[in-house]
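Text of my_file03.tsv, listed as TSV, C-alpha atoms:
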```tsv
chain	number	residue	atom	x	y	z
A	1	MET	CA	93.63	59.14	104.81
A	2	LEU	CA	93.68	61.91	102.22
A	3	ASN	CA	97.14	62.72	100.91
A	4	GLU	CA	97.09	66.03	99.01
A	5	LYS	CA	100.76	65.71	98.14
A	6	LYS	CA	100.26	62.42	96.31
A	7	SER	CA	96.84	63.25	94.85
A	8	LYS	CA	96.67	64.95	91.46
A	9	VAL	CA	93.52	66.79	92.57
A	10	ARG	CA	94.30	70.29	93.82
A	11	SER	CA	92.06	72.74	95.64
A	12	LYS	CA	92.38	76.33	94.45
A	13	GLY	CA	94.94	78.58	96.08
A	14	ILE	CA	94.08	81.18	98.70
A	15	LEU	CA	95.46	84.71	98.95
A	16	PHE	CA	96.45	85.66	102.50
A	17	ILE	CA	96.69	89.45	102.66
A	18	VAL	CA	98.83	90.59	105.59
A	19	SER	CA	99.12	94.27	106.55
A	20	ALA	CA	100.65	96.10	109.50
A	21	PRO	CA	102.19	99.41	110.50
A	22	SER	CA	105.98	99.63	110.39
A	23	GLY	CA	107.56	97.91	113.39
A	24	ALA	CA	104.81	95.35	113.94
A	25	GLY	CA	106.90	92.38	112.79
A	26	LYS	CA	104.85	91.59	109.69
A	27	THR	CA	107.75	90.60	107.46
A	28	THR	CA	109.22	88.18	110.00
A	29	LEU	CA	105.84	86.52	110.57
A	30	CYS	CA	105.21	86.13	106.84
A	31	ARG	CA	108.63	84.58	106.24
A	32	THR	CA	108.15	82.20	109.16
A	33	ALA	CA	104.81	81.11	107.72
A	34	VAL	CA	106.34	80.42	104.29
A	35	ASP	CA	109.06	78.34	105.93
A	36	PHE	CA	106.47	76.36	107.91
A	37	PHE	CA	103.83	75.63	105.24
A	38	PRO	CA	105.18	73.72	102.21
A	39	ASP	CA	102.32	74.91	99.97
A	40	LEU	CA	102.57	78.60	100.93
A	41	ARG	CA	104.48	81.02	98.70
A	42	HIS	CA	105.51	84.60	99.39
A	43	SER	CA	104.53	87.03	96.65
A	44	ILE	CA	107.46	89.25	95.72
A	45	SER	CA	106.35	92.84	95.18
A	46	TYR	CA	107.73	95.27	92.62
A	47	THR	CA	109.06	98.51	94.07
A	48	THR	CA	110.72	101.74	92.97
A	49	ARG	CA	112.66	102.13	96.20
A	50	PRO	CA	116.37	101.25	96.28
A	51	PRO	CA	117.38	98.03	98.03
A	52	ARG	CA	118.48	98.22	101.65
A	53	GLU	CA	121.64	96.57	102.89
A	54	ASN	CA	121.46	92.76	102.54
A	55	GLU	CA	118.31	92.89	100.38
A	56	VAL	CA	118.50	90.79	97.22
A	57	ASN	CA	116.78	91.64	93.94
A	58	ASP	CA	114.05	89.13	92.95
A	59	VAL	CA	114.19	87.64	96.45
A	60	ASP	CA	113.13	90.45	98.80
A	61	TYR	CA	111.60	92.64	96.07
A	62	HIS	CA	111.75	93.13	92.34
A	63	PHE	CA	113.60	96.46	92.33
A	64	ILE	CA	112.63	98.46	89.24
A	65	THR	CA	112.88	102.04	88.00
A	66	PRO	CA	109.93	104.47	88.12
A	67	ASP	CA	109.72	104.30	84.32
A	68	VAL	CA	109.35	100.52	84.32
A	69	PHE	CA	106.73	100.78	87.09
A	70	ASP	CA	104.80	103.33	85.00
A	71	ARG	CA	104.80	101.00	81.98
A	72	MET	CA	103.54	98.06	84.05
A	73	LEU	CA	100.84	100.25	85.58
A	74	LYS	CA	99.60	101.48	82.18
A	75	LYS	CA	99.40	97.89	80.92
A	76	GLY	CA	97.24	96.90	83.90
A	77	GLU	CA	99.79	94.41	85.18
A	78	PHE	CA	99.21	95.13	88.89
A	79	LEU	CA	96.48	93.60	91.03
A	80	GLU	CA	97.17	96.39	93.49
A	81	TRP	CA	99.68	99.15	93.94
A	82	ALA	CA	100.38	101.91	96.43
A	83	GLU	CA	102.78	104.73	97.19
A	84	VAL	CA	104.34	104.39	100.64
A	85	HIS	CA	106.93	106.75	102.13
A	86	GLY	CA	107.62	108.22	98.68
A	87	TYR	CA	108.10	104.92	96.83
A	88	ARG	CA	105.66	102.77	94.86
A	89	TYR	CA	104.94	99.09	95.41
A	90	GLY	CA	102.85	96.74	93.27
A	91	THR	CA	101.72	93.10	93.05
A	92	SER	CA	101.84	91.41	89.65
A	93	VAL	CA	98.71	89.60	88.45
A	94	LYS	CA	100.82	87.32	86.25
A	95	ASP	CA	103.08	86.30	89.13
A	96	LEU	CA	100.12	85.44	91.35
A	97	ASP	CA	98.34	83.55	88.59
A	98	SER	CA	101.33	81.29	87.95
A	99	VAL	CA	101.42	80.24	91.63
A	100	LEU	CA	97.66	79.84	92.18
A	101	LYS	CA	97.29	77.67	89.10
A	102	LYS	CA	99.60	75.18	90.79
A	103	GLY	CA	97.21	74.94	93.75
A	104	CYS	CA	99.58	76.77	96.09
A	105	ASN	CA	98.51	79.45	98.55
A	106	VAL	CA	100.07	82.92	98.44
A	107	ILE	CA	100.84	85.35	101.25
A	108	LEU	CA	100.88	89.03	100.27
A	109	ASP	CA	102.78	91.38	102.56
A	110	ILE	CA	101.16	94.67	101.51
A	111	ASP	CA	100.11	97.94	103.06
A	112	VAL	CA	96.56	99.09	103.81
A	113	GLN	CA	96.20	101.02	100.53
A	114	GLY	CA	96.96	97.90	98.50
A	115	ALA	CA	94.80	95.68	100.70
A	116	LYS	CA	91.81	97.96	100.08
A	117	GLN	CA	92.25	97.56	96.33
A	118	VAL	CA	92.31	93.78	96.69
A	119	LYS	CA	89.24	93.89	98.96
A	120	GLU	CA	87.29	95.89	96.39
A	121	ARG	CA	88.01	93.27	93.73
A	122	THR	CA	86.89	90.27	95.79
A	123	GLY	CA	84.42	88.21	93.76
A	124	GLU	CA	85.14	90.29	90.65
A	125	PHE	CA	88.67	89.31	89.72
A	126	PHE	CA	89.30	85.96	88.00
A	127	PHE	CA	92.58	84.08	87.89
A	128	ARG	CA	90.86	81.19	86.09
A	129	GLN	CA	87.60	81.37	84.18
A	130	GLU	CA	85.85	78.76	86.32
A	131	GLU	CA	87.05	80.10	89.69
A	132	LYS	CA	86.65	83.33	91.58
A	133	TRP	CA	89.65	84.39	93.55
A	134	SER	CA	89.46	84.03	97.34
A	135	ALA	CA	91.26	86.25	99.86
A	136	VAL	CA	91.72	86.35	103.64
A	137	PHE	CA	92.73	89.64	105.30
A	138	ILE	CA	95.01	89.63	108.36
A	139	PHE	CA	96.25	92.68	110.28
A	140	ILE	CA	99.33	92.53	112.53
A	141	LEU	CA	99.52	95.02	115.41
A	142	PRO	CA	102.39	95.93	117.74
A	143	PRO	CA	101.42	95.73	121.45
A	144	SER	CA	101.60	99.53	121.74
A	145	MET	CA	102.78	102.63	119.90
A	146	LYS	CA	105.66	102.90	122.37
A	147	VAL	CA	106.89	99.42	121.44
A	148	CYS	CA	106.36	100.21	117.75
A	149	LYS	CA	108.61	103.29	118.05
A	150	GLU	CA	111.27	101.33	119.96
A	151	ARG	CA	111.33	98.59	117.31
A	152	LEU	CA	111.78	101.15	114.53
A	153	LYS	CA	114.68	102.74	116.40
A	154	ASN	CA	116.33	99.44	117.23
A	155	ARG	CA	116.33	98.11	113.68
A	156	GLY	CA	118.52	101.07	112.69
A	157	LYS	CA	117.20	101.41	109.14
A	158	ASP	CA	115.63	104.87	109.31
A	159	ASP	CA	116.60	108.36	110.44
A	160	LYS	CA	114.62	110.28	113.10
A	161	GLU	CA	112.44	112.10	110.58
A	162	THR	CA	111.52	108.88	108.77
A	163	ILE	CA	110.66	107.18	112.06
A	164	LYS	CA	108.46	110.14	113.00
A	165	GLN	CA	106.62	109.82	109.67
A	166	ARG	CA	106.24	106.06	110.06
A	167	ILE	CA	104.70	106.50	113.52
A	168	ALA	CA	102.25	109.09	112.15
A	169	ASN	CA	101.29	106.70	109.34
A	170	ALA	CA	100.94	103.83	111.81
A	171	LYS	CA	98.28	105.71	113.79
A	172	VAL	CA	96.23	106.09	110.61
A	173	GLU	CA	96.77	102.51	109.44
A	174	ILE	CA	95.77	100.96	112.76
A	175	LYS	CA	92.27	102.41	112.37
A	176	GLU	CA	91.90	100.36	109.17
A	177	SER	CA	92.36	97.08	111.07
A	178	MET	CA	88.63	97.06	111.85
A	179	TRP	CA	87.64	95.72	108.40
A	180	TYR	CA	90.22	92.92	108.28
A	181	ASP	CA	89.12	89.33	108.91
A	182	TYR	CA	91.70	88.70	111.64
A	183	VAL	CA	93.78	90.88	113.95
A	184	ILE	CA	96.94	89.53	115.61
A	185	ILE	CA	98.82	91.46	118.31
A	186	ASN	CA	102.53	90.69	118.02
A	187	ASP	CA	103.68	91.06	121.61
A	188	ASP	CA	105.61	87.79	121.48
A	189	LEU	CA	106.79	86.49	118.09
A	190	ASN	CA	106.22	82.80	118.87
A	191	ALA	CA	102.74	83.42	120.24
A	192	ALA	CA	101.82	85.63	117.29
A	193	PHE	CA	103.02	82.99	114.84
A	194	THR	CA	100.97	80.32	116.60
A	195	ILE	CA	97.86	82.43	115.95
A	196	LEU	CA	98.83	83.12	112.33
A	197	LYS	CA	99.50	79.42	111.78
A	198	SER	CA	96.06	78.58	113.20
A	199	VAL	CA	94.36	81.11	110.91
A	200	ILE	CA	96.04	79.72	107.79
A	201	THR	CA	95.30	76.12	108.78
A	202	ALA	CA	91.62	76.84	109.48
A	203	GLU	CA	91.11	78.83	106.27
A	204	ARG	CA	92.62	76.03	104.16
A	205	SER	CA	90.08	73.59	105.61
A	206	LYS	CA	86.91	75.64	105.10
A	207	GLN	CA	84.14	73.64	103.48
A	208	GLU	CA	83.70	75.90	100.47
A	209	ARG	CA	87.41	75.62	99.67
A	210	MET	CA	87.54	71.85	100.14
A	211	GLU	CA	84.26	71.04	98.36
A	212	ARG	CA	85.67	70.58	94.86
A	213	LEU	CA	88.56	68.47	96.12
A	214	VAL	CA	86.26	66.25	98.20
A	215	ARG	CA	83.83	65.79	95.29
A	216	LYS	CA	86.61	64.64	92.98
A	217	LEU	CA	88.17	62.31	95.52
A	218	TYR	CA	84.88	60.63	96.47
A	219	SER	CA	82.93	60.69	93.19
A	220	LYS	CA	84.48	57.44	91.97
```
Write the structure described by the file as C-alpha cells, please.
Amino acid sequence: MLNEKKSKVRSKGILFIVSAPSGAGKTTLCRTAVDFFPDLRHSISYTTRPPRENEVNDVDYHFITPDVFDRMLKKGEFLEWAEVHGYRYGTSVKDLDSVLKKGCNVILDIDVQGAKQVKERTGEFFFRQEEKWSAVFIFILPPSMKVCKERLKNRGKDDKETIKQRIANAKVEIKESMWYDYVIINDDLNAAFTILKSVITAERSKQERMERLVRKLYSK
C-alpha cells in the first residue's frame, strides 16, 4: 500500500479556488475542509478592511493599510486581487509558493473577480520552473436568494444598507458560477461538505496529478 506520509516523494500541490456570494457558507465549508484534510492549507488573504469582532490578524486575514497594499501591488506580489464592498483583498504569490513547494494543497477563499484573474493565468503562471500550476474552481451557492438574505441578517455583521448591497452583488456573482468546474448548493452544511470533500478527494487522485509520484515509486 502506498503511504504518502512516509514516502519522501511528493506530488505537486493543487489550488482549490472557492467562491460564493455573501451568505452562502463558503468560509465555514473551507475551514471544515482544512480541518478534515491533513495536507490542505487555507491561504490567508491580505486585506485593507478592519478586522471584525473575534477576527485575529494573520489567522483570519493579514490586515494591512492601503499604503502597504499599494506597495505590494506595485511590486507584483499578488497572484490576484480585488476590491469588494469598498475594501481590497489580495493573495500573495510568495505565501502560496512556500506551501505548494511542500507538496501541500491550498484552498483559496476568494471572490469572483479574483478567481477570474487566477483562471486567466492557468498554464501560464509557474511556482516551480519544472511545473505548471494547477487549479480547480468551485462555486458555493445558497439554496435561494431568500435564504441568502436571511443568513446575512442572522449573522448580525452588517447594517441594512450593506445587506442590500451584498444581495445585489450576489445576483451578479451567481451568473459567474457557469464557468466554474464544480457548483455546490449549500442547503445543508453536512451534505454540502460531503460533496466538497468528494471533489477534493477525486481531484487529488487524477492521473495527471499522480503520474510523477507513481513513476518515482515504481521506477526502481
Which one of A:Ile138, A:Val214, A:Leu100, A:Val93 sits closest to A:Arg41 if you count only C-alpha atoms?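 Going through A:Ile138, A:Val214, A:Leu100, A:Val93 one by one, the smallest distance to A:Arg41 is for A:Leu100.
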Nearest residue to A:Val172 out of A:Asn105, A:Gln113, A:Gln207, A:Thr28, using all atoms listed in the file?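 Checking each of A:Asn105, A:Gln113, A:Gln207, A:Thr28 against A:Val172, counting all atoms listed in the file, the winner is A:Gln113.
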At most 6 Å is the cut-off: for each residue in stretch 62-136 of chain A with any atom that close to an atom of stretch 42-49 of chain A, write down the nearest atom pair and the distance in Å rounded to one decimal, counting only C-alpha atoms, chain first then increasing number, as a Markdown table.
```
| residue | atom | partner | partner_atom | distance |
| --- | --- | --- | --- | --- |
| A:His62 | CA | A:Tyr46 | CA | 4.6 |
| A:Phe63 | CA | A:Thr47 | CA | 5.3 |
| A:Ile64 | CA | A:Thr48 | CA | 5.3 |
| A:Thr65 | CA | A:Thr48 | CA | 5.4 |
| A:Pro66 | CA | A:Thr48 | CA | 5.6 |
| A:Tyr87 | CA | A:Arg49 | CA | 5.4 |
| A:Arg88 | CA | A:Thr48 | CA | 5.5 |
| A:Tyr89 | CA | A:Thr47 | CA | 4.4 |
| A:Gly90 | CA | A:Tyr46 | CA | 5.1 |
| A:Thr91 | CA | A:Ser45 | CA | 5.1 |
| A:Val106 | CA | A:His42 | CA | 5.8 |
| A:Ile107 | CA | A:His42 | CA | 5.1 |
| A:Leu108 | CA | A:Ser43 | CA | 5.5 |
```
Point out the residue among A:Val112, A:Leu213, A:Ala24, A:Ala33 with the least atom-to-atom distance to A:Phe193, counting only C-alpha atoms.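 Ranked by minimum distance to A:Phe193, first place goes to A:Ala33.
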Atom CA of A:Gly25 and atom CA of A:Lys160, how far apart in Å?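 Computing it gives 19.5 Å between the two atoms.
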For A:Leu73, which of A:Gln117, A:Ser19, A:Ser92, A:Ser198 is the closest residue, counting all atoms listed in the file?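 Once distances to A:Leu73 are computed over all atoms listed in the file, the minimum belongs to A:Ser92.
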Measure the distance from atom CA of A:Cys148 to atom CA of A:Gly23 in Å and round it to one decimal.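 Separation between atom CA of A:Cys148 and atom CA of A:Gly23: 5.1 Å.
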Using only C-alpha atoms for the distances, tell me which of A:Ala20, A:Ile14, A:Val68, A:Leu217 is nearest to A:Tyr182. A:Ala20
Just want the 12 Å neighbourhood of A:Lys171, counted on only C-alpha atoms, with same-chain residues fewer than 6 positions away dropped. Output as a short mmCIF file (atom, residue, chain, number, x, y, z; two decimals) with C-alpha atoms, in the frame of the given file.
```cif
data_model
loop_
_atom_site.label_atom_id
_atom_site.label_comp_id
_atom_site.auth_asym_id
_atom_site.auth_seq_id
_atom_site.Cartn_x
_atom_site.Cartn_y
_atom_site.Cartn_z
CA ALA A 20 100.65 96.10 109.50
CA PRO A 21 102.19 99.41 110.50
CA SER A 22 105.98 99.63 110.39
CA LEU A 141 99.52 95.02 115.41
CA PRO A 142 102.39 95.93 117.74
CA SER A 144 101.60 99.53 121.74
CA MET A 145 102.78 102.63 119.90
CA LYS A 146 105.66 102.90 122.37
CA CYS A 148 106.36 100.21 117.75
CA LYS A 149 108.61 103.29 118.05
CA LYS A 164 108.46 110.14 113.00
CA GLN A 165 106.62 109.82 109.67
CA SER A 177 92.36 97.08 111.07
#
```
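Atom CA of A:Arg31 sits 19.5 Å away from atom CA of A:Gly103.
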With all atoms listed in the file as the basis for distance, which of A:Ala135, A:Ile167, A:Phe36, A:Lys157 is at the shortest distance from A:Glu203?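 Smallest separation from A:Glu203 among the options: A:Ala135.
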Point (97.5, 78.3, 92.0) neighbourhood (10 Å, only C-alpha atoms) written as a list in words: Arg10, Ser11, Lys12, Gly13, Ile14, Leu15, Asp39, Leu96, Asp97, Ser98, Val99, Leu100, Lys101, Lys102, Gly103, Cys104, Asn105, Val106, Phe127 and Arg128 of chain A
Kindly output stretch 46-72 of chain A as a PDB file, in the frame of the given file, after building N, CA and C atoms.
```
ATOM      1  N   TYR A  46     106.873  94.384  93.415  1.00  0.00           N
ATOM      2  CA  TYR A  46     107.730  95.270  92.620  1.00  0.00           C
ATOM      3  C   TYR A  46     107.782  96.620  93.335  1.00  0.00           C
ATOM      4  N   THR A  47     108.951  97.219  93.381  1.00  0.00           N
ATOM      5  CA  THR A  47     109.060  98.510  94.070  1.00  0.00           C
ATOM      6  C   THR A  47     110.061  99.432  93.368  1.00  0.00           C
ATOM      7  N   THR A  48     109.810 100.738  93.535  1.00  0.00           N
ATOM      8  CA  THR A  48     110.720 101.740  92.970  1.00  0.00           C
ATOM      9  C   THR A  48     111.759 102.193  93.981  1.00  0.00           C
ATOM     10  N   ARG A  49     111.666 101.707  95.216  1.00  0.00           N
ATOM     11  CA  ARG A  49     112.660 102.130  96.200  1.00  0.00           C
ATOM     12  C   ARG A  49     113.966 101.356  96.022  1.00  0.00           C
ATOM     13  N   PRO A  50     115.084 101.955  96.389  1.00  0.00           N
ATOM     14  CA  PRO A  50     116.370 101.250  96.280  1.00  0.00           C
ATOM     15  C   PRO A  50     116.472 100.153  97.325  1.00  0.00           C
ATOM     16  N   PRO A  51     117.229  99.106  97.052  1.00  0.00           N
ATOM     17  CA  PRO A  51     117.380  98.030  98.030  1.00  0.00           C
ATOM     18  C   PRO A  51     118.148  98.482  99.264  1.00  0.00           C
ATOM     19  N   ARG A  52     117.732  97.974 100.424  1.00  0.00           N
ATOM     20  CA  ARG A  52     118.480  98.220 101.650  1.00  0.00           C
ATOM     21  C   ARG A  52     119.638  97.238 101.734  1.00  0.00           C
ATOM     22  N   GLU A  53     120.498  97.459 102.693  1.00  0.00           N
ATOM     23  CA  GLU A  53     121.640  96.570 102.890  1.00  0.00           C
ATOM     24  C   GLU A  53     121.155  95.142 103.123  1.00  0.00           C
ATOM     25  N   ASN A  54     121.762  94.193 102.445  1.00  0.00           N
ATOM     26  CA  ASN A  54     121.460  92.760 102.540  1.00  0.00           C
ATOM     27  C   ASN A  54     120.195  92.333 101.795  1.00  0.00           C
ATOM     28  N   GLU A  55     119.470  93.274 101.185  1.00  0.00           N
ATOM     29  CA  GLU A  55     118.310  92.890 100.380  1.00  0.00           C
ATOM     30  C   GLU A  55     118.776  92.430  99.003  1.00  0.00           C
ATOM     31  N   VAL A  56     118.110  91.393  98.496  1.00  0.00           N
ATOM     32  CA  VAL A  56     118.500  90.790  97.220  1.00  0.00           C
ATOM     33  C   VAL A  56     117.388  90.987  96.201  1.00  0.00           C
ATOM     34  N   ASN A  57     117.760  91.447  95.000  1.00  0.00           N
ATOM     35  CA  ASN A  57     116.780  91.640  93.940  1.00  0.00           C
ATOM     36  C   ASN A  57     116.154  90.298  93.546  1.00  0.00           C
ATOM     37  N   ASP A  58     114.833  90.311  93.324  1.00  0.00           N
ATOM     38  CA  ASP A  58     114.050  89.130  92.950  1.00  0.00           C
ATOM     39  C   ASP A  58     113.914  88.116  94.078  1.00  0.00           C
ATOM     40  N   VAL A  59     114.381  88.482  95.265  1.00  0.00           N
ATOM     41  CA  VAL A  59     114.190  87.640  96.450  1.00  0.00           C
ATOM     42  C   VAL A  59     113.376  88.414  97.490  1.00  0.00           C
ATOM     43  N   ASP A  60     113.871  89.590  97.870  1.00  0.00           N
ATOM     44  CA  ASP A  60     113.130  90.450  98.800  1.00  0.00           C
ATOM     45  C   ASP A  60     112.075  91.270  98.053  1.00  0.00           C
ATOM     46  N   TYR A  61     112.481  91.871  96.960  1.00  0.00           N
ATOM     47  CA  TYR A  61     111.600  92.640  96.070  1.00  0.00           C
ATOM     48  C   TYR A  61     112.136  92.531  94.651  1.00  0.00           C
ATOM     49  N   HIS A  62     111.280  92.866  93.694  1.00  0.00           N
ATOM     50  CA  HIS A  62     111.750  93.130  92.340  1.00  0.00           C
ATOM     51  C   HIS A  62     112.006  94.636  92.294  1.00  0.00           C
ATOM     52  N   PHE A  63     113.258  95.035  92.321  1.00  0.00           N
ATOM     53  CA  PHE A  63     113.600  96.460  92.330  1.00  0.00           C
ATOM     54  C   PHE A  63     113.631  96.981  90.890  1.00  0.00           C
ATOM     55  N   ILE A  64     112.746  97.940  90.592  1.00  0.00           N
ATOM     56  CA  ILE A  64     112.630  98.460  89.240  1.00  0.00           C
ATOM     57  C   ILE A  64     112.639  99.986  89.257  1.00  0.00           C
ATOM     58  N   THR A  65     112.863 100.583  88.107  1.00  0.00           N
ATOM     59  CA  THR A  65     112.880 102.040  88.000  1.00  0.00           C
ATOM     60  C   THR A  65     111.461 102.586  87.935  1.00  0.00           C
ATOM     61  N   PRO A  66     111.262 103.860  88.247  1.00  0.00           N
ATOM     62  CA  PRO A  66     109.930 104.470  88.120  1.00  0.00           C
ATOM     63  C   PRO A  66     109.358 104.343  86.717  1.00  0.00           C
ATOM     64  N   ASP A  67     110.191 104.423  85.692  1.00  0.00           N
ATOM     65  CA  ASP A  67     109.720 104.300  84.320  1.00  0.00           C
ATOM     66  C   ASP A  67     109.152 102.916  84.039  1.00  0.00           C
ATOM     67  N   VAL A  68     109.833 101.894  84.512  1.00  0.00           N
ATOM     68  CA  VAL A  68     109.350 100.520  84.320  1.00  0.00           C
ATOM     69  C   VAL A  68     108.039 100.329  85.083  1.00  0.00           C
ATOM     70  N   PHE A  69     107.960 100.878  86.306  1.00  0.00           N
ATOM     71  CA  PHE A  69     106.730 100.780  87.090  1.00  0.00           C
ATOM     72  C   PHE A  69     105.576 101.445  86.342  1.00  0.00           C
ATOM     73  N   ASP A  70     105.831 102.611  85.761  1.00  0.00           N
ATOM     74  CA  ASP A  70     104.800 103.330  85.000  1.00  0.00           C
ATOM     75  C   ASP A  70     104.287 102.482  83.830  1.00  0.00           C
ATOM     76  N   ARG A  71     105.194 101.825  83.130  1.00  0.00           N
ATOM     77  CA  ARG A  71     104.800 101.000  81.980  1.00  0.00           C
ATOM     78  C   ARG A  71     103.930  99.821  82.427  1.00  0.00           C
ATOM     79  N   MET A  72     104.319  99.183  83.525  1.00  0.00           N
ATOM     80  CA  MET A  72     103.540  98.060  84.050  1.00  0.00           C
ATOM     81  C   MET A  72     102.155  98.526  84.492  1.00  0.00           C
TER      82      MET A  72
END
```
